[in-house]
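Enquirer: Take a look at the following structure, please.
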Amino acid sequence: MPPAPEDSADDHATARRAPRPAPPATVVRSGRDAISVELALTIFRQMVRTRALEERSIKMSKSGEAYFWIGGPGEEALNACLGMQVRRGKGPAFDYLHLHYRNAGILLAMGMPMVDHFRQLAMTATDPFSRGRNFVGHYAKADWNVVPVSSVIAVQCVMAPGTAIMQKRAGQEAISVVVSGEAGTAEGDFESGLLWASRPGNELPVLTVVTNNRFGISTASESQLSVRRVADRAAPYGIEAATVDGNDPVAAWHAIDRAMRYVRRTQRPYLLEAHVSRLHGHSSSSGAQRHFEEADCVALFEQKLIDAQALDADAVRQLRDEAKAEADAAVVVATAEAAPTRDDVRRDTYAPSAVDAVYPGDYTGLPPG
Ligand SMILES: Cc1ncc(C[n+]2csc(CCOP(=O)(O)OP(=O)(O)O)c2C)c(N)n1
């Protein structure tokens, strides 16, 4: 029987020559680093959720649902990768976190419900971190070893060696992670933190992460810092250090993994500098307008995943819609909750202590009269 026209020898030759579409990638690469597509998609989802939280937060501050906003749009890649690698728990066998005020993505990746973030932003009595008394992003969570975030920059750098001493004694490879902006490194507290973490014979498991967005409010870092890399500040203390592109989740994932493994294994300090973007300026006080000239880690990773055929436009849209719906629903809940009362002002501010028994009443230490 003669071959059917559509099954001719010519057609077979053409089929052999036609380039086959590349199969979907199983890993996503950046330079020599790679992560599985499965991990990449998990990180991307966390980044998209964090961006939705950040953008909804800015909207709240502009609409009058909140009074002040500060946060981390532009730091989603670094924060998601860090939060996913924390050993979460309570006490010295788990990691301690001494955070900056731009780390919503870390808490979100650790499992914080979005509504808790919005409760603090809306200053409700239900805010689990400060009962509506502190700024947004100033988390405090004893169950997860999240030490209260301070607005006073860099003080967290001198607290981290304190928890790290306890962890080293406990001997269970847990570490203290401290995050500071690059302008914060001008504070003596930053140097003190490095010094205390690196005393010969008493080195401590402190991972210092410096998020370098090139600005301290409106002051450009090149007018303040003489070092080429903030990571170079580790050298006088003999501390291992690296610089990573914090807008690249593949690189950031591995830089954090390497740093954490080093600190856990050696119980010695490490300094990781991450270049990040500041997509909406410093805070609502400077307008929180979008700076489109800054690299956007979410858009960059989205394109990378589409190129790797790990995602298509529909899947991206669905992820975004879900994240936005999650943020909107959380805001509805938070903004309907009660504000603190006068009686809440002092609740949970001081724990009972032995000093109360010695000095009942309001002891100032000053002579009477
Ligand atoms: C000890 C102290 N000095 C000054 C300030 C005012 N202040 C608030 S944020 C900020 C800039 C911090 O910049 P950086 O450490 O780079 O962090 P970023 O906000 O850029 O993430 C300054 C100077 C402060 N909060 N605390």
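Every chain in the structure tokens takes a letter, A first, then B, and so on in the order presented; its residues are numbered from 1, and the ligands are numbered from 1 following the presented order.
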Residues within 8 Å of ligand 1, counting only C-alpha atoms and all ligand atoms: report them as a list of chain:residue names.
Expert: A:Gly72, A:His100, A:Tyr101, A:Arg102, A:Ser151, A:Val152, A:Ile153, A:Ala154, A:Val155, A:Ser180, A:Gly181, A:Glu182, A:Ala183, A:Gly184, A:Thr185, A:Glu187, A:Thr211, A:Asn212, A:Asn213, A:Arg214, A:Phe215, A:Gly216, A:Ile217, A:Ser221, A:Arg278, A:His282
Enquirer: Would you save the residues from that selection as an mmCIF file, in the first residue's frame, using C-alpha atoms?
Expert:
```cif
data_model
loop_
_atom_site.group_PDB
_atom_site.id
_atom_site.type_symbol
_atom_site.label_atom_id
_atom_site.label_comp_id
_atom_site.auth_asym_id
_atom_site.auth_seq_id
_atom_site.Cartn_x
_atom_site.Cartn_y
_atom_site.Cartn_z
ATOM 1 C CA GLY A 72 10.355 46.058 52.925
ATOM 2 C CA HIS A 100 15.132 45.234 61.261
ATOM 3 C CA TYR A 101 11.830 47.022 60.554
ATOM 4 C CA ARG A 102 11.672 45.794 56.945
ATOM 5 C CA SER A 151 13.102 51.751 65.864
ATOM 6 C CA VAL A 152 16.413 52.847 67.303
ATOM 7 C CA ILE A 153 18.681 51.527 64.610
ATOM 8 C CA ALA A 154 21.450 48.953 65.194
ATOM 9 C CA VAL A 155 20.700 48.271 68.875
ATOM 10 C CA SER A 180 20.531 45.804 60.009
ATOM 11 C CA GLY A 181 20.461 48.348 57.208
ATOM 12 C CA GLU A 182 23.807 49.580 55.843
ATOM 13 C CA ALA A 183 23.390 53.040 57.433
ATOM 14 C CA GLY A 184 22.974 51.275 60.760
ATOM 15 C CA THR A 185 26.546 50.025 60.373
ATOM 16 C CA GLU A 187 26.492 53.023 64.742
ATOM 17 C CA THR A 211 20.584 44.800 53.862
ATOM 18 C CA ASN A 212 22.283 47.383 51.688
ATOM 19 C CA ASN A 213 19.703 49.544 49.889
ATOM 20 C CA ARG A 214 22.256 52.371 49.460
ATOM 21 C CA PHE A 215 20.330 54.884 51.568
ATOM 22 C CA GLY A 216 19.877 55.907 55.185
ATOM 23 C CA ILE A 217 16.575 57.796 54.764
ATOM 24 C CA SER A 221 25.756 55.368 51.495
ATOM 25 C CA ARG A 278 14.036 50.201 48.247
ATOM 26 C CA HIS A 282 12.113 55.139 53.310
#
```
Enquirer: Using only C-alpha atoms, which protein or nucleic acid residues come within 10 Å of His275 (chain A)? Drop anything in the same chain fewer than 2 positions from it, and give the result as a tab-separated table (two decimals) with N, CA and C atoms, in the first residue's frame.
Expert:
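Dumped to around_8.tsv:
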```tsv
chain	number	residue	atom	x	y	z
A	75	GLU	N	12.66	43.87	49.25
A	75	GLU	CA	13.49	42.91	50.01
A	75	GLU	C	12.83	41.54	50.08
A	78	LEU	N	15.18	38.24	49.55
A	78	LEU	CA	16.05	37.95	50.69
A	78	LEU	C	15.24	37.48	51.89
A	182	GLU	N	22.38	49.21	55.97
A	182	GLU	CA	23.81	49.58	55.84
A	182	GLU	C	24.11	50.90	56.57
A	210	VAL	N	23.42	42.37	56.62
A	210	VAL	CA	23.26	43.80	56.35
A	210	VAL	C	22.53	43.95	55.02
A	211	THR	N	21.34	44.54	55.09
A	211	THR	CA	20.58	44.80	53.86
A	211	THR	C	21.01	46.17	53.34
A	212	ASN	N	21.71	46.15	52.23
A	212	ASN	CA	22.28	47.38	51.69
A	212	ASN	C	21.38	47.91	50.57
A	213	ASN	N	20.56	48.92	50.92
A	213	ASN	CA	19.70	49.54	49.89
A	213	ASN	C	20.27	50.90	49.46
A	214	ARG	N	21.48	51.20	49.90
A	214	ARG	CA	22.26	52.37	49.46
A	214	ARG	C	21.78	53.69	50.05
A	230	VAL	N	30.26	46.58	52.32
A	230	VAL	CA	29.99	46.54	53.76
A	230	VAL	C	30.59	45.25	54.34
A	243	THR	N	29.22	38.96	50.04
A	243	THR	CA	28.22	39.91	49.51
A	243	THR	C	27.39	39.17	48.47
A	244	VAL	N	26.08	39.38	48.52
A	244	VAL	CA	25.21	38.68	47.56
A	244	VAL	C	24.21	39.67	46.97
A	245	ASP	N	23.74	39.36	45.77
A	245	ASP	CA	22.66	40.13	45.16
A	245	ASP	C	21.35	39.66	45.80
A	246	GLY	N	20.83	40.45	46.71
A	246	GLY	CA	19.61	40.07	47.44
A	246	GLY	C	18.37	40.12	46.58
A	247	ASN	N	18.48	40.63	45.36
A	247	ASN	CA	17.34	40.63	44.45
A	247	ASN	C	17.24	39.31	43.68
A	248	ASP	N	18.23	38.44	43.87
A	248	ASP	CA	18.27	37.16	43.15
A	248	ASP	C	18.02	36.04	44.15
A	252	ALA	N	20.56	34.29	46.72
A	252	ALA	CA	20.31	34.60	48.14
A	252	ALA	C	20.06	33.32	48.94
A	272	LEU	N	26.91	38.67	56.32
A	272	LEU	CA	26.40	38.59	54.95
A	272	LEU	C	25.81	39.93	54.55
A	273	GLU	N	26.37	40.52	53.51
A	273	GLU	CA	25.82	41.77	52.96
A	273	GLU	C	24.94	41.42	51.76
A	277	SER	N	16.72	46.36	47.01
A	277	SER	CA	16.11	47.59	46.48
A	277	SER	C	15.21	48.21	47.53
```
Enquirer: Per DSSP on the backbone, what are the strand (DSSP E) residues of region 84-169 of chain A, as a PyMOL selection string?
Expert: chain A and resi 96-98+146-147
Enquirer: Go ahead and write the selection's residues with N, CA and C atoms as a PDB file, in the first residue's frame.
Expert:
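Full text of selection.pdb as output:
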```
ATOM      1  N   TYR A  96      17.473  32.528  67.204  1.00  0.00           N
ATOM      2  CA  TYR A  96      16.944  33.811  67.696  1.00  0.00           C
ATOM      3  C   TYR A  96      16.995  34.814  66.555  1.00  0.00           C
ATOM      4  N   LEU A  97      15.991  35.696  66.516  1.00  0.00           N
ATOM      5  CA  LEU A  97      15.920  36.689  65.443  1.00  0.00           C
ATOM      6  C   LEU A  97      15.917  38.091  66.030  1.00  0.00           C
ATOM      7  N   HIS A  98      16.890  38.896  65.628  1.00  0.00           N
ATOM      8  CA  HIS A  98      16.997  40.301  66.037  1.00  0.00           C
ATOM      9  C   HIS A  98      16.820  41.103  64.744  1.00  0.00           C
ATOM     10  N   VAL A 146      11.563  35.663  68.462  1.00  0.00           N
ATOM     11  CA  VAL A 146      11.684  36.945  67.755  1.00  0.00           C
ATOM     12  C   VAL A 146      11.764  38.040  68.816  1.00  0.00           C
ATOM     13  N   VAL A 147      12.955  38.587  68.978  1.00  0.00           N
ATOM     14  CA  VAL A 147      13.213  39.609  69.996  1.00  0.00           C
ATOM     15  C   VAL A 147      12.562  40.918  69.521  1.00  0.00           C
TER      16      VAL A 147
END
```
Enquirer: Rank A:Arg45, A:Arg20, A:Pro340, A:Glu54 by their smallest atom-to-atom distance to Leu279 (chain A), using only C-alpha atoms, and report the top residue only.
Expert: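 Closest candidate: A:Glu54.
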Enquirer: Report as a list in words all protein, DNA and RNA residues lying within 10 Å of Thr208 (chain A), evaluated on only C-alpha atoms, omitting residues in the same chain fewer than 2 positions from it.
Expert: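 After dropping sequence-adjacent residues, the list is His98, Cys157, Ala160, Ser176, Val177, Val178, Val179, Ser180, Phe190, Gly193, Leu194, Ala197, Pro205, Val206, Val210, Thr211, Ala231, Ala234, Ala241, Ala259, Pro269, Tyr270, Leu271, Leu272 and Glu273 of chain A.
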Enquirer: Hey, which of A:Arg32, A:Arg56, A:Lys90, A:Arg119 ends up closest to Glu337 (chain A)? Count only C-alpha atoms.
Expert: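 Closest to Glu337 (chain A), using only C-alpha atoms: A:Arg119.
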Enquirer: Nearest residue to Pro249 (chain A) out of A:Ala329, A:Ala274, A:Ile175, A:Ala334, using only C-alpha atoms?
Expert: A:Ala274
Enquirer: Write out as a PyMOL selection string each polymer residue whose atoms come within 8 Å of Gly137 (chain A), counting only C-alpha atoms; drop sequence neighbours fewer than 4 positions from it.
Expert: chain A and resi 70-71+101-104+117+120-121+149
Enquirer: Rank A:Gln172, A:Ala122, A:Val136, A:Pro367 by their smallest atom-to-atom distance to Gly64 (chain A), using only C-alpha atoms, and report the top residue only.
Expert: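 Of A:Gln172, A:Ala122, A:Val136, A:Pro367, the one nearest Gly64 (chain A), counting only C-alpha atoms, is A:Ala122.
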Enquirer: Going by DSSP on the backbone, which bits of region 120-343 of chain A are alpha helix (DSSP H)? Write them as number ranges by chain, please.
Expert: A: 120-122, 155-170, 188-197, 249-266, 297-307, 313-335
Enquirer: Using Å and a single decimal, report how far CA of Leu195 (chain A) sits from CA of Met166 (chain A).
Expert: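 Here the two named atoms are 17.0 Å from each other.
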Enquirer: Take CA of Asn145 (chain A) and CA of Gly89 (chain A) and report the distance between them in Å, one decimal.
Expert: 6.5 Å
Enquirer: Between A:Arg228, A:His254, A:Arg264, A:Lys324, single out the one closest to Cys81 (chain A), counting only C-alpha atoms.
Expert: A:His254
Enquirer: Do you know which residues are at most 10 Å from Ala288 (chain A) counting only C-alpha atoms, after dropping those on the same chain fewer than 2 positions away, and could you put them as JSON, numbers by chain?
Expert: {"A": [58, 59, 61, 62, 69, 70, 71, 278, 279, 280, 281, 282, 283, 284, 285, 286, 290, 291]}
Enquirer: Mind giving me the straight-line distance from CA of Pro24 (chain A) to CA of Asp257 (chain A) in Å, one decimal?
Expert: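 Value for the CA of Pro24 (chain A)-CA of Asp257 (chain A) distance: 25.8 Å.
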Enquirer: Leaving out Glu76 (chain A) and any residue of its chain fewer than 5 positions from it, which residues lie within 7 Å of it when counting only C-alpha atoms, given as a PyMOL selection string?
Expert: chain A and resi 47+50-51+105
Enquirer: Would you mind listing what lies within 6 Å of region 299-313 of chain A as a PyMOL selection string, with only C-alpha atoms counted and same-chain residues fewer than 3 positions away left out?
Expert: chain A and resi 24-25+296+316
